[in-house]
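As structure tokens, the structure follows; a few thoughts come after it.
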Amino acid sequence: MTTDTETRRTIAKRVIDRAAARGTPVDADPAFLAAVEEWVRGDIDMKAMRDRYIEIIALQAADRRGLLTTGLGKNPLGSLDEANEE
């Protein structure tokens with residue numbers, strides 16, 4: 001199914017407005033808005049949009065838990081246990 005840019009923009013606005021009405025605004029997240037804009041332009045499909053959204057949520061959750069790691073699998077800030085040993 002082909003959807004034009006204006007239709008996609010209308011759909012995106014409706015989804016963002018519904019999220020805000022439920023008390024979970026998503027329009028403050030630049031990563032999410034960038035993915036939405038790519039979808040609106042037709043650069044990515046809805047599956048890719050969904051995959052990016054899930055990745056954004058996972059990264060935010062990891063950040064809140066302090067689990068973001070480097071490529072080596074270690075938290076670049078260390079842990080509380082390491083700080084207490086010093």
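Labels used: A, B, ... for chains in the order of the structure tokens, numbers from 1 for residues in each chain, and numbers from 1 for ligands as shown.
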
Contacts of Glu37 in chain A within 12 Å, only C-alpha atoms, excl. fewer than 5 positions in-chain, as JSON, numbers by chain: {"A": [5, 6, 8, 9, 10, 11, 12, 13, 27, 30, 31, 32, 42, 43, 44, 45, 46, 49]}

Atom-to-atom span, CA of Glu55 in chain A and CA of Arg14 in chain A, Å: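 These atoms are spaced 22.0 Å apart.
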
Nearest to Thr7 in chain A, chosen from A:Ala20, A:Leu33, A:Val40, A:Ala48, with only C-alpha atoms counted in the distances: A:Val40

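Atom to atom, CA of Arg65 in chain A and CA of Arg18 in chain A stand 27.7 Å apart.
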
Pairwise distance for CA of Asp17 in chain A and CA of Arg64 in chain A, rounded to one decimal in Å: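 Calculated distance between CA of Asp17 in chain A and CA of Arg64 in chain A is 25.3 Å.
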